[in-house]
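Next comes input.tsv, with TSV, C-alpha atoms (C1' of nucleotides).
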chain	number	residue	atom	x	y	z
A	1	MET	CA	-36.92	-3.42	-30.49
A	2	THR	CA	-36.91	-5.69	-33.48
A	3	THR	CA	-40.55	-6.54	-33.75
A	4	ASP	CA	-40.37	-7.69	-37.32
A	5	LEU	CA	-39.34	-11.23	-36.75
A	6	ALA	CA	-39.73	-12.16	-40.40
A	7	ALA	CA	-37.28	-9.46	-41.38
A	8	ASP	CA	-34.83	-10.73	-38.80
A	9	LEU	CA	-35.03	-14.17	-40.29
A	10	ARG	CA	-34.48	-12.93	-43.82
A	11	ALA	CA	-31.60	-10.77	-42.72
A	12	ALA	CA	-30.01	-13.88	-41.30
A	13	GLY	CA	-30.48	-15.70	-44.57
A	14	LEU	CA	-33.15	-17.98	-43.22
A	15	ARG	CA	-36.49	-18.71	-44.77
A	16	VAL	CA	-39.51	-17.40	-43.00
A	17	THR	CA	-41.55	-20.28	-41.70
A	18	ARG	CA	-44.38	-20.56	-39.30
A	19	GLY	CA	-42.44	-22.55	-36.74
A	20	ARG	CA	-39.57	-20.12	-36.63
A	21	LEU	CA	-41.81	-17.15	-36.19
A	22	GLU	CA	-43.65	-18.89	-33.42
A	23	VAL	CA	-40.48	-19.85	-31.61
A	24	LEU	CA	-39.06	-16.36	-31.89
A	25	GLU	CA	-42.23	-14.78	-30.64
A	26	LEU	CA	-42.47	-17.23	-27.80
A	27	LEU	CA	-38.92	-16.52	-26.73
A	28	GLU	CA	-39.71	-12.83	-26.59
A	29	ASN	CA	-42.29	-13.54	-23.94
A	30	ALA	CA	-40.71	-16.49	-22.21
A	31	PRO	CA	-36.94	-16.27	-22.22
A	32	HIS	CA	-34.81	-19.07	-20.80
A	33	SER	CA	-37.03	-21.78	-22.18
A	34	ASP	CA	-35.84	-25.25	-22.99
A	35	ALA	CA	-36.83	-27.17	-26.11
A	36	GLU	CA	-39.44	-29.25	-24.36
A	37	SER	CA	-41.32	-26.38	-22.75
A	38	ILE	CA	-41.18	-24.50	-26.03
A	39	ARG	CA	-42.85	-27.42	-27.71
A	40	THR	CA	-45.50	-27.59	-25.03
A	41	ARG	CA	-46.39	-23.96	-25.55
A	42	LEU	CA	-46.26	-24.27	-29.30
A	43	ARG	CA	-48.81	-27.03	-29.08
A	44	ALA	CA	-51.43	-24.40	-28.34
A	45	VAL	CA	-51.18	-22.97	-31.82
A	46	ASP	CA	-49.72	-25.93	-33.65
A	47	PRO	CA	-50.72	-29.24	-32.08
A	48	ASP	CA	-48.38	-31.30	-34.25
A	49	VAL	CA	-44.98	-29.79	-33.65
A	50	SER	CA	-42.41	-32.45	-33.03
A	51	ILE	CA	-39.63	-32.04	-30.55
A	52	GLN	CA	-37.13	-32.53	-33.34
A	53	SER	CA	-38.56	-29.62	-35.25
A	54	VAL	CA	-38.18	-27.48	-32.21
A	55	HIS	CA	-34.57	-28.54	-31.96
A	56	ASN	CA	-34.13	-27.84	-35.66
A	57	VAL	CA	-35.56	-24.39	-35.36
A	58	LEU	CA	-33.60	-23.60	-32.24
A	59	SER	CA	-30.30	-24.70	-33.63
A	60	ALA	CA	-30.94	-22.84	-36.86
A	61	LEU	CA	-31.79	-19.70	-34.94
A	62	ALA	CA	-28.86	-20.17	-32.61
A	63	SER	CA	-26.28	-20.60	-35.33
A	64	ALA	CA	-27.78	-17.65	-37.18
A	65	GLY	CA	-27.23	-15.59	-34.06
A	66	LEU	CA	-30.90	-14.79	-33.56
A	67	VAL	CA	-31.04	-16.68	-30.35
A	68	ARG	CA	-28.60	-17.51	-27.62
A	69	ARG	CA	-28.21	-20.93	-26.16
A	70	ILE	CA	-27.15	-21.30	-22.56
A	71	GLU	CA	-26.49	-24.51	-20.73
A	72	PRO	CA	-26.48	-24.14	-16.98
A	73	ALA	CA	-25.20	-27.18	-15.13
A	74	LYS	CA	-27.84	-29.70	-14.16
A	75	SER	CA	-30.44	-28.57	-16.66
A	76	ALA	CA	-31.29	-28.81	-20.31
A	77	ALA	CA	-30.19	-26.17	-22.76
A	78	LEU	CA	-32.11	-22.92	-22.52
A	79	TYR	CA	-32.67	-20.36	-25.22
A	80	GLU	CA	-33.21	-16.63	-25.17
A	81	ARG	CA	-33.58	-13.90	-27.77
A	82	ARG	CA	-30.96	-11.28	-28.38
A	83	ILE	CA	-27.37	-11.92	-27.83
A	84	GLY	CA	-26.34	-8.30	-28.29
A	85	ASP	CA	-25.72	-7.30	-24.71
A	86	ASN	CA	-23.37	-9.36	-22.62
A	87	HIS	CA	-25.69	-10.02	-19.77
A	88	HIS	CA	-25.40	-12.94	-17.44
A	89	HIS	CA	-27.66	-15.16	-15.37
A	90	VAL	CA	-28.66	-16.12	-11.86
A	91	VAL	CA	-29.87	-19.64	-11.38
A	92	CYS	CA	-31.80	-20.71	-8.31
A	93	THR	CA	-30.19	-23.77	-6.76
A	94	GLY	CA	-33.55	-24.63	-5.29
A	95	CYS	CA	-36.06	-24.53	-8.09
A	96	GLY	CA	-33.93	-23.86	-11.14
A	97	ALA	CA	-35.53	-20.50	-11.84
A	98	ILE	CA	-33.33	-18.28	-13.93
A	99	GLU	CA	-33.14	-14.51	-14.33
A	100	ASP	CA	-31.04	-12.11	-16.29
A	101	ILE	CA	-28.31	-10.14	-14.61
A	102	ASP	CA	-27.20	-6.96	-16.26
A	103	CYS	CA	-23.55	-7.21	-15.46
A	104	VAL	CA	-20.92	-4.60	-15.84
A	105	VAL	CA	-20.69	-3.83	-19.50
A	106	GLY	CA	-17.49	-2.47	-20.94
A	107	HIS	CA	-15.17	-2.62	-17.98
A	108	ALA	CA	-14.97	-5.92	-16.24
A	109	PRO	CA	-11.84	-6.09	-14.14
A	110	CYS	CA	-12.12	-9.63	-12.94
A	111	LEU	CA	-13.28	-10.76	-16.33
A	112	THR	CA	-9.82	-10.13	-17.65
A	113	PRO	CA	-7.99	-12.97	-16.00
A	114	SER	CA	-4.41	-12.34	-14.93
A	115	SER	CA	-2.95	-15.43	-16.49
A	116	THR	CA	-4.65	-16.65	-19.61
A	117	SER	CA	-2.62	-19.85	-19.92
A	118	GLY	CA	-1.89	-19.05	-23.52
A	119	PHE	CA	-5.53	-18.87	-24.47
A	120	ARG	CA	-6.85	-16.15	-26.69
A	121	ILE	CA	-9.97	-15.36	-24.73
A	122	GLU	CA	-13.05	-14.28	-26.64
A	123	THR	CA	-15.90	-14.23	-24.16
A	124	ALA	CA	-16.56	-14.52	-20.46
A	125	GLU	CA	-19.68	-16.17	-19.21
A	126	VAL	CA	-20.82	-15.60	-15.67
A	127	THR	CA	-23.37	-17.69	-13.86
A	128	PHE	CA	-24.51	-16.77	-10.40
A	129	TRP	CA	-25.94	-19.45	-8.16
A	130	GLY	CA	-28.20	-18.81	-5.21
A	131	LEU	CA	-31.72	-18.98	-3.93
A	132	CYS	CA	-34.55	-17.08	-5.48
A	133	ALA	CA	-36.87	-15.08	-3.25
A	134	ALA	CA	-39.42	-17.88	-3.12
A	135	CYS	CA	-36.92	-20.59	-2.26
A	136	ALA	CA	-35.08	-18.43	0.24
A	137	ALA	CA	-38.25	-17.78	2.21
A	138	PRO	CA	-38.95	-20.38	4.88
A	139	PRO	CA	-41.73	-22.67	3.70
A	140	PRO	CA	-45.10	-21.74	5.21
A	141	ILE	CA	-45.97	-25.22	6.41
A	142	ALA	CA	-48.67	-23.63	8.55
A	143	ALA	CA	-51.74	-24.53	6.58
B	1	MET	CA	-1.30	-30.43	0.19
B	2	THR	CA	-3.57	-33.13	1.40
B	3	THR	CA	-1.68	-36.15	0.28
B	4	ASP	CA	-3.44	-38.51	2.61
B	5	LEU	CA	-6.42	-39.30	0.50
B	6	ALA	CA	-7.65	-42.01	2.85
B	7	ALA	CA	-7.80	-39.50	5.68
B	8	ASP	CA	-9.74	-37.12	3.48
B	9	LEU	CA	-12.28	-39.80	2.77
B	10	ARG	CA	-12.69	-40.71	6.43
B	11	ALA	CA	-12.99	-37.08	7.40
B	12	ALA	CA	-15.83	-36.81	4.93
B	13	GLY	CA	-17.54	-39.80	6.47
B	14	LEU	CA	-16.87	-42.02	3.51
B	15	ARG	CA	-15.42	-45.48	3.57
B	16	VAL	CA	-11.98	-45.89	2.13
B	17	THR	CA	-12.15	-48.03	-0.94
B	18	ARG	CA	-9.76	-48.80	-3.70
B	19	GLY	CA	-11.82	-47.13	-6.37
B	20	ARG	CA	-12.17	-43.90	-4.48
B	21	LEU	CA	-8.49	-43.68	-3.75
B	22	GLU	CA	-7.71	-44.33	-7.36
B	23	VAL	CA	-10.12	-41.70	-8.60
B	24	LEU	CA	-8.85	-39.11	-6.15
B	25	GLU	CA	-5.26	-39.80	-7.04
B	26	LEU	CA	-6.04	-39.69	-10.71
B	27	LEU	CA	-7.77	-36.35	-10.37
B	28	GLU	CA	-4.68	-34.94	-8.66
B	29	ASN	CA	-2.71	-35.64	-11.79
B	30	ALA	CA	-5.38	-35.15	-14.41
B	31	PRO	CA	-7.87	-32.48	-13.41
B	32	HIS	CA	-10.89	-31.71	-15.58
B	33	SER	CA	-11.48	-35.33	-16.44
B	34	ASP	CA	-14.84	-36.72	-17.38
B	35	ALA	CA	-16.20	-40.03	-16.16
B	36	GLU	CA	-15.34	-41.91	-19.29
B	37	SER	CA	-11.70	-40.85	-19.47
B	38	ILE	CA	-11.36	-41.57	-15.78
B	39	ARG	CA	-12.55	-45.06	-16.40
B	40	THR	CA	-10.15	-45.51	-19.27
B	41	ARG	CA	-7.22	-44.55	-17.09
B	42	LEU	CA	-8.45	-46.62	-14.20
B	43	ARG	CA	-8.48	-49.64	-16.45
B	44	ALA	CA	-4.70	-49.68	-16.24
B	45	VAL	CA	-4.78	-50.65	-12.57
B	46	ASP	CA	-8.25	-52.14	-12.37
B	47	PRO	CA	-9.37	-53.66	-15.66
B	48	ASP	CA	-12.92	-54.28	-14.50
B	49	VAL	CA	-14.14	-50.88	-13.39
B	50	SER	CA	-17.56	-50.16	-14.74
B	51	ILE	CA	-18.61	-46.74	-15.88
B	52	GLN	CA	-21.39	-46.79	-13.34
B	53	SER	CA	-18.93	-47.33	-10.53
B	54	VAL	CA	-16.98	-44.36	-11.71
B	55	HIS	CA	-20.16	-42.32	-11.64
B	56	ASN	CA	-20.91	-43.67	-8.19
B	57	VAL	CA	-17.53	-42.71	-6.87
B	58	LEU	CA	-17.60	-39.32	-8.51
B	59	SER	CA	-21.00	-38.37	-7.21
B	60	ALA	CA	-20.10	-39.60	-3.74
B	61	LEU	CA	-16.93	-37.56	-3.78
B	62	ALA	CA	-18.72	-34.58	-5.23
B	63	SER	CA	-21.49	-34.50	-2.67
B	64	ALA	CA	-18.92	-35.01	0.07
B	65	GLY	CA	-17.15	-31.92	-1.20
B	66	LEU	CA	-13.93	-33.73	-2.01
B	67	VAL	CA	-14.29	-33.07	-5.67
B	68	ARG	CA	-15.88	-30.37	-7.76
B	69	ARG	CA	-18.07	-31.07	-10.69
B	70	ILE	CA	-18.19	-28.63	-13.56
B	71	GLU	CA	-20.36	-28.83	-16.63
B	72	PRO	CA	-19.17	-26.62	-19.43
B	73	ALA	CA	-21.63	-26.27	-22.26
B	74	LYS	CA	-21.28	-28.81	-25.03
B	75	SER	CA	-19.31	-31.33	-23.02
B	76	ALA	CA	-19.76	-33.99	-20.41
B	77	ALA	CA	-19.37	-33.24	-16.75
B	78	LEU	CA	-15.78	-32.76	-15.63
B	79	TYR	CA	-14.35	-33.28	-12.19
B	80	GLU	CA	-11.45	-31.74	-10.34
B	81	ARG	CA	-10.01	-31.99	-6.86
B	82	ARG	CA	-10.28	-29.25	-4.32
B	83	ILE	CA	-13.03	-26.78	-4.32
B	84	GLY	CA	-11.36	-24.55	-1.72
B	85	ASP	CA	-10.21	-21.71	-3.90
B	86	ASN	CA	-12.70	-20.01	-6.13
B	87	HIS	CA	-10.85	-20.41	-9.34
B	88	HIS	CA	-12.47	-20.45	-12.73
B	89	HIS	CA	-11.91	-22.00	-16.13
B	90	VAL	CA	-11.01	-21.28	-19.73
B	91	VAL	CA	-12.39	-23.63	-22.30
B	92	CYS	CA	-11.02	-23.84	-25.81
B	93	THR	CA	-13.82	-23.45	-28.32
B	94	GLY	CA	-11.70	-25.36	-30.78
B	95	CYS	CA	-10.58	-28.53	-29.07
B	96	GLY	CA	-12.36	-28.36	-25.74
B	97	ALA	CA	-9.16	-28.14	-23.73
B	98	ILE	CA	-9.71	-26.64	-20.33
B	99	GLU	CA	-7.41	-24.82	-17.94
B	100	ASP	CA	-7.71	-23.24	-14.56
B	101	ILE	CA	-7.87	-19.52	-14.20
B	102	ASP	CA	-6.84	-18.06	-10.89
B	103	CYS	CA	-9.34	-15.29	-10.77
B	104	VAL	CA	-9.44	-12.42	-8.37
B	105	VAL	CA	-9.94	-13.92	-4.97
B	106	GLY	CA	-11.57	-11.88	-2.27
B	107	HIS	CA	-12.62	-8.81	-4.16
B	108	ALA	CA	-14.56	-9.36	-7.32
B	109	PRO	CA	-16.30	-6.17	-8.31
B	110	CYS	CA	-18.25	-7.42	-11.26
B	111	LEU	CA	-19.08	-10.60	-9.47
B	112	THR	CA	-21.39	-8.64	-7.27
B	113	PRO	CA	-24.19	-7.92	-9.69
B	114	SER	CA	-25.97	-4.64	-9.34
B	115	SER	CA	-29.47	-6.00	-9.37
B	116	THR	CA	-29.88	-9.45	-7.91
B	117	SER	CA	-33.52	-9.86	-8.88
B	118	GLY	CA	-34.37	-10.88	-5.37
B	119	PHE	CA	-31.94	-13.77	-5.38
B	120	ARG	CA	-29.70	-14.48	-2.45
B	121	ILE	CA	-26.55	-15.15	-4.38
B	122	GLU	CA	-24.13	-17.73	-3.04
B	123	THR	CA	-21.54	-18.29	-5.70
B	124	ALA	CA	-20.38	-16.90	-8.99
B	125	GLU	CA	-19.04	-19.16	-11.66
B	126	VAL	CA	-17.02	-17.75	-14.49
B	127	THR	CA	-16.21	-19.56	-17.69
B	128	PHE	CA	-13.95	-18.02	-20.26
B	129	TRP	CA	-14.21	-19.13	-23.85
B	130	GLY	CA	-11.49	-18.78	-26.42
B	131	LEU	CA	-8.85	-20.56	-28.40
B	132	CYS	CA	-5.95	-22.37	-26.80
B	133	ALA	CA	-2.45	-21.73	-28.08
B	134	ALA	CA	-2.53	-24.79	-30.31
B	135	CYS	CA	-5.90	-24.00	-31.88
B	136	ALA	CA	-5.09	-20.31	-32.29
B	137	ALA	CA	-1.98	-21.11	-34.28
B	138	PRO	CA	-2.61	-21.41	-38.03
B	139	PRO	CA	-2.50	-25.05	-39.04
B	140	PRO	CA	0.81	-26.02	-40.68
B	141	ILE	CA	-0.70	-27.53	-43.79
B	142	ALA	CA	2.72	-27.36	-45.38
B	143	ALA	CA	3.74	-30.99	-45.30
C	1	DA	C1'	-49.83	-17.26	-61.43
C	2	DC	C1'	-47.17	-21.45	-61.73
C	3	DC	C1'	-43.33	-24.42	-61.38
C	4	DC	C1'	-39.00	-25.98	-59.61
C	5	DT	C1'	-35.17	-25.80	-56.78
C	6	DT	C1'	-33.61	-26.03	-52.40
C	7	DG	C1'	-34.11	-25.26	-47.66
C	8	DT	C1'	-37.33	-27.16	-43.81
C	9	DT	C1'	-40.16	-30.21	-41.35
C	10	DT	C1'	-41.40	-34.59	-40.18
C	11	DT	C1'	-41.00	-39.31	-38.78
C	12	DG	C1'	-38.33	-42.63	-36.77
C	13	DA	C1'	-34.35	-44.52	-35.13
C	14	DG	C1'	-29.98	-43.99	-32.73
C	15	DT	C1'	-26.47	-41.94	-29.59
C	16	DC	C1'	-24.31	-40.14	-25.47
C	17	DG	C1'	-23.99	-39.27	-20.73
C	18	DT	C1'	-26.12	-40.19	-16.72
C	19	DT	C1'	-29.33	-42.24	-13.28
C	20	DC	C1'	-32.11	-45.98	-11.15
C	21	DA	C1'	-32.68	-50.74	-9.13
C	22	DC	C1'	-30.89	-54.51	-6.94
C	23	DG	C1'	-28.18	-58.43	-5.89
C	24	DA	C1'	-23.19	-59.29	-4.80
C	25	DT	C1'	-19.33	-57.72	-2.22
C	26	DA	C1'	-16.31	-55.66	0.96
C	27	DA	C1'	-15.23	-51.93	4.84
C	28	DG	C1'	-14.54	-51.61	9.42
C	29	DG	C1'	-16.77	-51.35	14.27
C	30	DG	C1'	-17.76	-54.67	17.92
D	1	DC	C1'	-13.56	-63.00	13.13
D	2	DC	C1'	-18.29	-61.77	12.32
D	3	DC	C1'	-21.99	-58.92	11.15
D	4	DT	C1'	-24.01	-54.71	9.66
D	5	DT	C1'	-24.19	-51.61	6.19
D	6	DA	C1'	-22.01	-48.82	2.78
D	7	DT	C1'	-20.31	-49.50	-1.76
D	8	DC	C1'	-19.66	-51.88	-6.24
D	9	DG	C1'	-21.11	-54.30	-10.27
D	10	DT	C1'	-24.54	-55.62	-13.51
D	11	DG	C1'	-28.28	-54.48	-16.32
D	12	DA	C1'	-31.90	-51.72	-17.59
D	13	DA	C1'	-33.87	-47.23	-18.15
D	14	DC	C1'	-33.87	-42.38	-19.00
D	15	DG	C1'	-33.57	-37.51	-20.92
D	16	DA	C1'	-31.81	-34.57	-24.13
D	17	DC	C1'	-30.21	-34.30	-28.22
D	18	DT	C1'	-28.45	-35.76	-33.04
D	19	DC	C1'	-28.63	-38.29	-37.39
D	20	DA	C1'	-30.99	-39.98	-41.83
D	21	DA	C1'	-34.19	-39.97	-45.30
D	22	DA	C1'	-38.62	-39.13	-47.17
D	23	DA	C1'	-42.55	-35.58	-47.48
D	24	DC	C1'	-43.24	-30.81	-47.83
D	25	DA	C1'	-43.24	-25.78	-48.51
D	26	DA	C1'	-40.71	-20.98	-49.28
D	27	DG	C1'	-39.92	-17.97	-52.63
D	28	DG	C1'	-37.02	-16.85	-56.95
D	29	DG	C1'	-37.50	-17.49	-61.99
D	30	DT	C1'	-40.32	-17.55	-65.95
Since I need it in another form, could you write the structure as structure tokens?
Amino acid sequence: MTTDLAADLRAAGLRVTRGRLEVLELLENAPHSDAESIRTRLRAVDPDVSIQSVHNVLSALASAGLVRRIEPAKSAALYERRIGDNHHHVVCTGCGAIEDIDCVVGHAPCLTPSSTSGFRIETAEVTFWGLCAACAAPPPIAA
Amino acid sequence: MTTDLAADLRAAGLRVTRGRLEVLELLENAPHSDAESIRTRLRAVDPDVSIQSVHNVLSALASAGLVRRIEPAKSAALYERRIGDNHHHVVCTGCGAIEDIDCVVGHAPCLTPSSTSGFRIETAEVTFWGLCAACAAPPPIAA
DNA sequence: ACCCTTGTTTTGAGTCGTTCACGATAAGGG
DNA sequence: CCCTTATCGTGAACGACTCAAAACAAGGGT
């Protein structure tokens, strides 16, 4: 995979800065993070990062195509690296946990709607909703 | 169709109030409306509706299942009547216009993800993104 | 190696959409 | 018709994000 984050940044026409490298690296390890939790983690290495800087970095990365922004209902915007594959997401209605779903790539019958209402459709975004393993399990109130 | 809105409300265990009837009726005619535009329209018949009341009504209706709330990325929450059919939406990336998409009902091959990551999936929500007819057409800068 | 231009970060305030709290009001069963 | 209780209105608060301008640093030119 692209391990040279600095090169990725340059290729996208962005300057290589500490914050951007940190955010990119962090997103490699913790996908589906929102701005606030990214800042919290960044604090470990850079105690003075402001939330606005995080937003700056994220929106720069997002519009450069280095990062994908997803906005599930009822939660803040989440970011993840790599937008190459058209994968989708499952969101837990209980705890908000989110996981990737490798959906049918290439042929997607129901993703080609019958009537497009005159729209020129570019992308289809699928979000699955359900309960994650932890939330589905009956709570062990025993103790 | 269910034209008796009052009956719908009672069946859902909700009191029948003017505001609720108005909102329901309005959503019949103007689906995919957000709270603010609902209020604007409501002003015509009830000049004193507050935005909070609209939110009240909408969340009551939504949790009673009389109305569906959707939250496309980059826009405020939208509401529409009837959640019975599992239809989906196209959103115009240009102007934000939104239309219903009658997607495959019953069998939805790609809506049954291969690996569910341990989630017990309940629903699948599909959002198509593209350009509406108006936005796709080259702007007539002529004049 | 240094400077200078220009893109980035910071600081701080401001916005939008929504939610919370609570007194005022009205729905509708008795 | 009254009384209980759900609902509405008012006002404040909130989270997430955007805007503006001054301080700063990346990295090409010399």
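Restricting the calculation to only C-alpha atoms (C1' of nucleotides), the smallest distance between chain A and any of D:DG28, D:DC17, D:DA6, D:DA23 is found for D:DC17.
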Exercise for review: Could the residues of chain B within 8 Å of chain D, counting all atoms listed in the file, be given as an MDAnalysis selection string, please?
Suggested key: chainID B and resid 15 50 53
Please dump the current selection as a CSV table (one decimal), in the coordinates of the input; keep C-alpha atoms.
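Output (selection.csv):
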chain,number,residue,atom,x,y,z
B,15,ARG,CA,-15.4,-45.5,3.6
B,50,SER,CA,-17.6,-50.2,-14.7
B,53,SER,CA,-18.9,-47.3,-10.5
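Between chain A and the residues B:Val45, B:Ile98, B:Leu9, B:Ala73, the shortest atom-to-atom distance, using only C-alpha atoms, involves B:Ala73.
Residues in contact with Asn29 in chain B at 12 Å, where only C-alpha atoms (C1' of nucleotides) are counted and same-chain residues fewer than 2 positions away are skipped, are listed as Glu22, Val23, Leu24, Glu25, Leu26, Leu27, Pro31, His32, Ser33, Ile38, Arg41, Tyr79, Glu80 and Arg81 of chain B.
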Just C-alpha atoms for this one: save the residues we selected as a tab-separated table (two decimals), keeping the file's coordinate frame.
chain	number	residue	atom	x	y	z
B	22	GLU	CA	-7.71	-44.33	-7.36
B	23	VAL	CA	-10.12	-41.70	-8.60
B	24	LEU	CA	-8.85	-39.11	-6.15
B	25	GLU	CA	-5.26	-39.80	-7.04
B	26	LEU	CA	-6.04	-39.69	-10.71
B	27	LEU	CA	-7.77	-36.35	-10.37
B	31	PRO	CA	-7.87	-32.48	-13.41
B	32	HIS	CA	-10.89	-31.71	-15.58
B	33	SER	CA	-11.48	-35.33	-16.44
B	38	ILE	CA	-11.36	-41.57	-15.78
B	41	ARG	CA	-7.22	-44.55	-17.09
B	79	TYR	CA	-14.35	-33.28	-12.19
B	80	GLU	CA	-11.45	-31.74	-10.34
B	81	ARG	CA	-10.01	-31.99	-6.86
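Applying a distance limit of 12 Å to all atoms listed in the file, the residues of chain A near chain C read A:Gly13, A:Leu14, A:Arg15, A:Val16, A:Thr17, A:Arg18, A:Gly19, A:Arg20, A:Asp48, A:Val49, A:Ser50, A:Ile51, A:Gln52, A:Ser53, A:Val54, A:His55, A:Asn56, A:Val57, A:Ala60, A:Lys74.
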Selected residues, C-alpha atoms, written as a PDB file, in the frame of the given file, please.
ATOM      1  CA  GLY A  13     -30.480 -15.700 -44.570  1.00  0.00           C
ATOM      2  CA  LEU A  14     -33.150 -17.980 -43.220  1.00  0.00           C
ATOM      3  CA  ARG A  15     -36.490 -18.710 -44.770  1.00  0.00           C
ATOM      4  CA  VAL A  16     -39.510 -17.400 -43.000  1.00  0.00           C
ATOM      5  CA  THR A  17     -41.550 -20.280 -41.700  1.00  0.00           C
ATOM      6  CA  ARG A  18     -44.380 -20.560 -39.300  1.00  0.00           C
ATOM      7  CA  GLY A  19     -42.440 -22.550 -36.740  1.00  0.00           C
ATOM      8  CA  ARG A  20     -39.570 -20.120 -36.630  1.00  0.00           C
ATOM      9  CA  ASP A  48     -48.380 -31.300 -34.250  1.00  0.00           C
ATOM     10  CA  VAL A  49     -44.980 -29.790 -33.650  1.00  0.00           C
ATOM     11  CA  SER A  50     -42.410 -32.450 -33.030  1.00  0.00           C
ATOM     12  CA  ILE A  51     -39.630 -32.040 -30.550  1.00  0.00           C
ATOM     13  CA  GLN A  52     -37.130 -32.530 -33.340  1.00  0.00           C
ATOM     14  CA  SER A  53     -38.560 -29.620 -35.250  1.00  0.00           C
ATOM     15  CA  VAL A  54     -38.180 -27.480 -32.210  1.00  0.00           C
ATOM     16  CA  HIS A  55     -34.570 -28.540 -31.960  1.00  0.00           C
ATOM     17  CA  ASN A  56     -34.130 -27.840 -35.660  1.00  0.00           C
ATOM     18  CA  VAL A  57     -35.560 -24.390 -35.360  1.00  0.00           C
ATOM     19  CA  ALA A  60     -30.940 -22.840 -36.860  1.00  0.00           C
ATOM     20  CA  LYS A  74     -27.840 -29.700 -14.160  1.00  0.00           C
TER      21      LYS A  74
END
All residues 8 Å or closer to Val67 in chain A, all atoms listed in the file, same chain fewer than 2 positions away omitted, as a PDB file with C-alpha atoms, keeping the file's coordinate frame:
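Here's the written file around_1.pdb:
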ATOM      1  CA  LEU A  58     -33.600 -23.600 -32.240  1.00  0.00           C
ATOM      2  CA  LEU A  61     -31.790 -19.700 -34.940  1.00  0.00           C
ATOM      3  CA  ALA A  62     -28.860 -20.170 -32.610  1.00  0.00           C
ATOM      4  CA  SER A  63     -26.280 -20.600 -35.330  1.00  0.00           C
ATOM      5  CA  ALA A  64     -27.780 -17.650 -37.180  1.00  0.00           C
ATOM      6  CA  GLY A  65     -27.230 -15.590 -34.060  1.00  0.00           C
ATOM      7  CA  ARG A  69     -28.210 -20.930 -26.160  1.00  0.00           C
ATOM      8  CA  TYR A  79     -32.670 -20.360 -25.220  1.00  0.00           C
ATOM      9  CA  GLU A  80     -33.210 -16.630 -25.170  1.00  0.00           C
ATOM     10  CA  ARG A  81     -33.580 -13.900 -27.770  1.00  0.00           C
ATOM     11  CA  ARG A  82     -30.960 -11.280 -28.380  1.00  0.00           C
ATOM     12  CA  ILE A  83     -27.370 -11.920 -27.830  1.00  0.00           C
TER      13      ILE A  83
END
Exercise for review: Find the spatial neighbours of range 115-121 of chain A, counting all atoms listed in the file, within a cut-off of 7 Å - ignore same-chain residues fewer than 6 positions away - and output them as a PyMOL selection string.
Suggested key: chain B and resi 101+128-133
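The interatomic distance for the pair CA of Thr40 in chain B and CA of Leu5 in chain B works out to 21.1 Å.
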